[in-house]
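Below is one structure; the comments refer to it alone.
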Amino acid sequence: MAIFSELEVWIDPLARSGAENMAVDEILHHRGGELPLLRIYNWRDAAVSFGYFEKLSDAVRDFPGPDIEYIRRWTGGGIVDHRVDVTYTLSIPMGHPMEQQRGNASYAHIHHALAESMQACGVECALTEDNSDSDARSCFVKPVAFDIIGTDGQKLAGAGQRRSRYGLLHQGSVQGVENGVPWVTAFIESLSTRVKEKDITALGDVSKIVKARYGNAAWTQKRP
């Protein structure tokens with residue numbers, strides 16, 4: 001069953017740097033709108049992102065490499081290797097029924113829809129109820145409640161969230177599916193049966209936010 005009565009969708013045609021991807025998500029979230037917005041996007045270079053409350057040193061330790069761009073996200077969650085995933089963002093405006101739900105409830109509803117889309121593309125998976133503590137900071141090492149796991153228990157999808165005065169920002173990562181039309185179509189249909197395609201060409205000064213935050217060493221290296 002679809003979780004949004006209406007949904008706007010933007011499949012970003014550009015592969016961007018990690019810092020640019022985070023900046024675009026923030027711009028779209030701050031811009032807001034009457035409807036939830038789904039953005040599906042790609043990464044131009046090898047990138048690893050880590051949640052706002054995580055440490056850069058842990059991301060470098062878990063995924064070392066001289067050519068990797070490390071990005072501190074504005075949302076929570078763990079460490080994600082974007083060299084092997086499909087990435088999406090949902091920006092849900094303030095006052096929307098989904099935005100008003102508690103964190104675990106909104107997370108669960110979105111991941112129920114995501115699991116349906118993965119199953120429709122032949123991926124055997126299920127939501128986990130495991131919410132035990134773990135020292136593993138890599139987002140795909142230890143599932144938490146309402147993450148998606150495969151039949152072998154390996155985590156296939158997780159996300160980070162942040163609530164602001166603009167609403168709810170949900171940044172998700174999926175492994176185990178092909179980044180092609182069938183999965184994208186299935187995911188959109190699992191979210192809403194009434195979809196408005198967006199063609200966003202004017203984003204404003206992305207470079208300004210990159211310099212101030214996601215591409216700034218002080219932001220990346222900060223100790224929360």
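How things are named: the first chain in the structure tokens is A, the next is B, and so on; residues count from 1 in each chain; ligands count from 1 in the order shown.
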
When DSSP is applied to the backbone of this structure, which of chain A are assigned strand (DSSP E or B)? Write them out as JSON, numbers by chain. {"A": [7, 8, 9, 10, 11, 12, 13, 14, 15, 16, 37, 38, 39, 40, 41, 42, 43, 47, 48, 49, 50, 69, 70, 71, 72, 79, 80, 81, 86, 87, 88, 89, 90, 91, 92, 93, 125, 126, 127, 138, 148, 149, 150, 155, 156, 157, 158, 159, 160, 161, 162, 163, 164, 167, 168, 169, 170, 171, 172, 173, 174, 195, 196, 197]}

Shell of 9 Å around Asp199 (chain A), only C-alpha atoms, local chain residues under 4 positions omitted, as a list in words: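 Those residues are Val9, Trp10, Ile11 and Asp12 of chain A.
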
Preceding selection exported with all heavy atoms as a PDB file, in the first residue's frame:
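The result, stored in again-v7.pdb:
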ATOM      1  N   VAL A   9       8.727  13.587  -7.869  1.00  0.00           N
ATOM      2  CA  VAL A   9       9.906  12.754  -8.110  1.00  0.00           C
ATOM      3  C   VAL A   9      10.876  13.495  -9.019  1.00  0.00           C
ATOM      4  O   VAL A   9      10.479  14.027 -10.066  1.00  0.00           O
ATOM      5  CB  VAL A   9       9.520  11.410  -8.758  1.00  0.00           C
ATOM      6  CG1 VAL A   9      10.769  10.606  -9.114  1.00  0.00           C
ATOM      7  CG2 VAL A   9       8.618  10.610  -7.830  1.00  0.00           C
ATOM      8  N   TRP A  10      12.132  13.513  -8.604  1.00  0.00           N
ATOM      9  CA  TRP A  10      13.194  14.057  -9.451  1.00  0.00           C
ATOM     10  C   TRP A  10      14.318  13.041  -9.538  1.00  0.00           C
ATOM     11  O   TRP A  10      14.962  12.730  -8.536  1.00  0.00           O
ATOM     12  CB  TRP A  10      13.729  15.371  -8.893  1.00  0.00           C
ATOM     13  CG  TRP A  10      14.804  15.987  -9.752  1.00  0.00           C
ATOM     14  CD1 TRP A  10      14.834  16.057 -11.111  1.00  0.00           C
ATOM     15  CD2 TRP A  10      16.007  16.621  -9.301  1.00  0.00           C
ATOM     16  NE1 TRP A  10      15.967  16.697 -11.542  1.00  0.00           N
ATOM     17  CE2 TRP A  10      16.707  17.054 -10.454  1.00  0.00           C
ATOM     18  CE3 TRP A  10      16.557  16.866  -8.047  1.00  0.00           C
ATOM     19  CZ2 TRP A  10      17.926  17.713 -10.388  1.00  0.00           C
ATOM     20  CZ3 TRP A  10      17.773  17.535  -7.966  1.00  0.00           C
ATOM     21  CH2 TRP A  10      18.445  17.952  -9.130  1.00  0.00           C
ATOM     22  N   ILE A  11      14.531  12.503 -10.730  1.00  0.00           N
ATOM     23  CA  ILE A  11      15.677  11.635 -10.972  1.00  0.00           C
ATOM     24  C   ILE A  11      16.791  12.541 -11.480  1.00  0.00           C
ATOM     25  O   ILE A  11      16.776  12.969 -12.642  1.00  0.00           O
ATOM     26  CB  ILE A  11      15.331  10.518 -11.967  1.00  0.00           C
ATOM     27  CG1 ILE A  11      14.183   9.669 -11.402  1.00  0.00           C
ATOM     28  CG2 ILE A  11      16.559   9.646 -12.235  1.00  0.00           C
ATOM     29  CD1 ILE A  11      13.719   8.578 -12.333  1.00  0.00           C
ATOM     30  N   ASP A  12      17.714  12.846 -10.601  1.00  0.00           N
ATOM     31  CA  ASP A  12      18.771  13.811 -10.901  1.00  0.00           C
ATOM     32  C   ASP A  12      19.615  13.290 -12.066  1.00  0.00           C
ATOM     33  O   ASP A  12      20.204  12.211 -11.974  1.00  0.00           O
ATOM     34  CB  ASP A  12      19.639  14.002  -9.655  1.00  0.00           C
ATOM     35  CG  ASP A  12      20.578  15.198  -9.757  1.00  0.00           C
ATOM     36  OD1 ASP A  12      20.879  15.633 -10.883  1.00  0.00           O
ATOM     37  OD2 ASP A  12      21.013  15.688  -8.702  1.00  0.00           O
TER      38      ASP A  12
END

Pick out the residues sitting within 8 Å of Gly51 (chain A), and hand them over as a CSV table (one decimal) with N, CA and C atoms, in the first residue's frame; count only C-alpha atoms, and ignore anything fewer than 3 positions along from it in its own chain.
chain,number,residue,atom,x,y,z
A,54,GLU,N,29.0,10.8,13.8
A,54,GLU,CA,30.1,9.8,13.6
A,54,GLU,C,31.4,10.5,13.5
A,72,ARG,N,30.7,14.3,5.7
A,72,ARG,CA,29.9,14.2,6.9
A,72,ARG,C,28.5,14.6,6.5
A,73,ARG,N,27.5,13.8,6.7
A,73,ARG,CA,26.1,14.1,6.4
A,73,ARG,C,25.5,15.1,7.4
A,74,TRP,N,24.4,15.7,7.0
A,74,TRP,CA,23.6,16.5,7.9
A,74,TRP,C,22.7,15.6,8.7
A,75,THR,N,22.3,14.4,8.2
A,75,THR,CA,21.5,13.5,8.9
A,75,THR,C,22.3,12.6,9.8
A,76,GLY,N,21.6,11.7,10.5
A,76,GLY,CA,22.3,10.8,11.4
A,76,GLY,C,22.6,9.5,10.6
A,77,GLY,N,22.6,8.4,11.4
A,77,GLY,CA,23.0,7.1,10.7
A,77,GLY,C,24.5,6.8,10.8
A,78,GLY,N,24.9,5.7,10.2
A,78,GLY,CA,26.3,5.3,10.3
A,78,GLY,C,27.1,5.6,9.0
A,79,ILE,N,28.0,4.8,8.7
A,79,ILE,CA,29.0,5.0,7.6
A,79,ILE,C,28.5,4.2,6.4
A,160,GLY,N,19.5,7.6,7.1
A,160,GLY,CA,19.7,8.5,8.2
A,160,GLY,C,18.6,9.6,8.1

Excluding Glu34 (chain A) and residues on its chain fewer than 4 positions from it, collect all residues at most 9 Å away from it, counting only C-alpha atoms, and give them as a PyMOL selection string. chain A and resi 92-94+96

What residues in chain A get the DSSP label alpha helix (DSSP H)? Please answer as number ranges by chain. A: 18-31, 56-62, 103-120, 181-191, 206-209, 217-221

Writer output for current selection, C-alpha atoms, as a PDB file, in the first residue's frame:
ATOM      1  CA  GLY A  18      29.687  13.795  -2.533  1.00  0.00           C
ATOM      2  CA  ALA A  19      29.734  17.338  -1.182  1.00  0.00           C
ATOM      3  CA  GLU A  20      27.519  18.536  -4.033  1.00  0.00           C
ATOM      4  CA  ASN A  21      25.014  15.725  -3.465  1.00  0.00           C
ATOM      5  CA  MET A  22      24.669  16.651   0.199  1.00  0.00           C
ATOM      6  CA  ALA A  23      24.335  20.337  -0.667  1.00  0.00           C
ATOM      7  CA  VAL A  24      21.601  19.637  -3.224  1.00  0.00           C
ATOM      8  CA  ASP A  25      19.673  17.583  -0.666  1.00  0.00           C
ATOM      9  CA  GLU A  26      19.881  20.453   1.823  1.00  0.00           C
ATOM     10  CA  ILE A  27      18.761  23.022  -0.769  1.00  0.00           C
ATOM     11  CA  LEU A  28      15.752  20.933  -1.778  1.00  0.00           C
ATOM     12  CA  HIS A  29      14.834  20.334   1.857  1.00  0.00           C
ATOM     13  CA  HIS A  30      15.015  24.035   2.726  1.00  0.00           C
ATOM     14  CA  ARG A  31      13.087  24.975  -0.395  1.00  0.00           C
ATOM     15  CA  LEU A  56      35.852  10.844  10.234  1.00  0.00           C
ATOM     16  CA  SER A  57      38.565   8.557  11.584  1.00  0.00           C
ATOM     17  CA  ASP A  58      36.088   5.668  11.790  1.00  0.00           C
ATOM     18  CA  ALA A  59      35.001   6.191   8.176  1.00  0.00           C
ATOM     19  CA  VAL A  60      38.630   6.218   7.013  1.00  0.00           C
ATOM     20  CA  ARG A  61      39.387   3.104   9.069  1.00  0.00           C
ATOM     21  CA  ASP A  62      36.413   1.139   7.728  1.00  0.00           C
ATOM     22  CA  GLY A 103      11.309   8.718  13.982  1.00  0.00           C
ATOM     23  CA  ASN A 104      10.986   4.933  14.140  1.00  0.00           C
ATOM     24  CA  ALA A 105       7.477   5.035  12.658  1.00  0.00           C
ATOM     25  CA  SER A 106       8.414   7.155   9.625  1.00  0.00           C
ATOM     26  CA  TYR A 107      11.562   5.051   9.131  1.00  0.00           C
ATOM     27  CA  ALA A 108       9.504   1.856   9.233  1.00  0.00           C
ATOM     28  CA  HIS A 109       6.857   3.100   6.783  1.00  0.00           C
ATOM     29  CA  ILE A 110       9.436   4.222   4.233  1.00  0.00           C
ATOM     30  CA  HIS A 111      11.360   0.966   4.527  1.00  0.00           C
ATOM     31  CA  HIS A 112       8.208  -1.119   4.173  1.00  0.00           C
ATOM     32  CA  ALA A 113       7.669   0.577   0.819  1.00  0.00           C
ATOM     33  CA  LEU A 114      11.324   0.141  -0.097  1.00  0.00           C
ATOM     34  CA  ALA A 115      11.246  -3.574   0.749  1.00  0.00           C
ATOM     35  CA  GLU A 116       8.201  -4.014  -1.495  1.00  0.00           C
ATOM     36  CA  SER A 117      10.049  -2.438  -4.409  1.00  0.00           C
ATOM     37  CA  MET A 118      13.083  -4.641  -3.868  1.00  0.00           C
ATOM     38  CA  GLN A 119      10.941  -7.773  -3.671  1.00  0.00           C
ATOM     39  CA  ALA A 120       9.181  -6.753  -6.894  1.00  0.00           C
ATOM     40  CA  VAL A 181      14.296   1.628 -14.602  1.00  0.00           C
ATOM     41  CA  PRO A 182      12.549  -1.463 -13.108  1.00  0.00           C
ATOM     42  CA  TRP A 183      13.687  -0.793  -9.551  1.00  0.00           C
ATOM     43  CA  VAL A 184      13.165   2.963  -9.724  1.00  0.00           C
ATOM     44  CA  THR A 185       9.657   2.442 -11.102  1.00  0.00           C
ATOM     45  CA  ALA A 186       8.820  -0.134  -8.434  1.00  0.00           C
ATOM     46  CA  PHE A 187      10.089   2.124  -5.654  1.00  0.00           C
ATOM     47  CA  ILE A 188       8.092   5.113  -6.860  1.00  0.00           C
ATOM     48  CA  GLU A 189       4.937   3.000  -7.170  1.00  0.00           C
ATOM     49  CA  SER A 190       5.429   1.651  -3.663  1.00  0.00           C
ATOM     50  CA  LEU A 191       5.561   5.214  -2.322  1.00  0.00           C
ATOM     51  CA  VAL A 206      25.323  24.846  -4.661  1.00  0.00           C
ATOM     52  CA  SER A 207      29.001  25.776  -4.421  1.00  0.00           C
ATOM     53  CA  LYS A 208      28.265  28.182  -1.559  1.00  0.00           C
ATOM     54  CA  ILE A 209      26.908  25.370   0.639  1.00  0.00           C
ATOM     55  CA  ALA A 217      37.517  20.435   6.278  1.00  0.00           C
ATOM     56  CA  ALA A 218      36.285  21.925   9.561  1.00  0.00           C
ATOM     57  CA  TRP A 219      32.837  20.377   9.001  1.00  0.00           C
ATOM     58  CA  THR A 220      34.221  17.023   7.882  1.00  0.00           C
ATOM     59  CA  GLN A 221      36.678  16.718  10.756  1.00  0.00           C
TER      60      GLN A 221
END

Return the single residue from A:Leu35, A:Ala46, A:Met98, A:Val80 that is closest to Leu168 (chain A), with distances computed using only C-alpha atoms.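 Among the listed residues, A:Met98 lies closest to Leu168 (chain A).
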
Of the listed residues A:Asn216, A:Ser5, A:Gln161, A:Asn42, that which approaches Val84 (chain A) most closely, counting only C-alpha atoms: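 Ranking A:Asn216, A:Ser5, A:Gln161, A:Asn42 by distance to Val84 (chain A), first place goes to A:Asn42.
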
Can you pull out every residue within 10 Å of Arg83 (chain A), counting only C-alpha atoms, but drop anything in the same chain fewer than 5 positions away, and send it as a compact mmCIF listing (two decimals) with N, CA and C atoms, in the first residue's frame?
# COMPACT_ATOMS: atom_id res chain seq x y z
N ASN A 42 23.13 9.87 -8.38
CA ASN A 42 24.37 9.12 -8.51
C ASN A 42 25.56 9.94 -8.02
N TRP A 43 26.68 9.24 -7.87
CA TRP A 43 27.91 9.85 -7.37
C TRP A 43 28.95 9.88 -8.48
N ARG A 44 29.57 11.03 -8.65
CA ARG A 44 30.54 11.19 -9.73
C ARG A 44 31.84 10.45 -9.42
N ASP A 45 32.24 10.46 -8.15
CA ASP A 45 33.51 9.86 -7.73
C ASP A 45 33.27 8.89 -6.58
N ALA A 46 34.31 8.14 -6.24
CA ALA A 46 34.23 7.23 -5.09
C ALA A 46 33.98 8.06 -3.83
N ALA A 47 32.96 7.68 -3.07
CA ALA A 47 32.58 8.47 -1.90
C ALA A 47 32.11 7.59 -0.76
N VAL A 48 32.40 8.03 0.45
CA VAL A 48 31.91 7.41 1.68
C VAL A 48 31.33 8.52 2.54
N ILE A 68 39.16 8.34 -2.13
CA ILE A 68 37.79 8.38 -1.63
C ILE A 68 37.49 9.77 -1.06

Test item: residues at most 10 Å from Thr151 (chain A), only C-alpha atoms, excluding those fewer than 3 positions along its chain, as a short mmCIF file (atom, residue, chain, number, x, y, z; two decimals) with N, CA and C atoms, in the first residue's frame:
data_model
loop_
_atom_site.label_atom_id
_atom_site.label_comp_id
_atom_site.auth_asym_id
_atom_site.auth_seq_id
_atom_site.Cartn_x
_atom_site.Cartn_y
_atom_site.Cartn_z
N VAL A 123 14.49 -9.35 -5.33
CA VAL A 123 15.39 -9.38 -4.18
C VAL A 123 14.63 -9.91 -2.97
N GLU A 124 15.08 -11.04 -2.43
CA GLU A 124 14.45 -11.58 -1.23
C GLU A 124 14.96 -10.82 -0.02
N CYS A 125 14.05 -10.18 0.70
CA CYS A 125 14.46 -9.34 1.82
C CYS A 125 13.31 -9.16 2.80
N ALA A 126 13.64 -8.61 3.96
CA ALA A 126 12.63 -8.37 4.99
C ALA A 126 13.15 -7.28 5.93
N GLN A 154 22.40 -10.32 5.88
CA GLN A 154 23.20 -9.14 5.56
C GLN A 154 22.28 -7.94 5.28
N LYS A 155 22.71 -6.79 5.76
CA LYS A 155 21.92 -5.57 5.57
C LYS A 155 21.98 -5.10 4.13
#
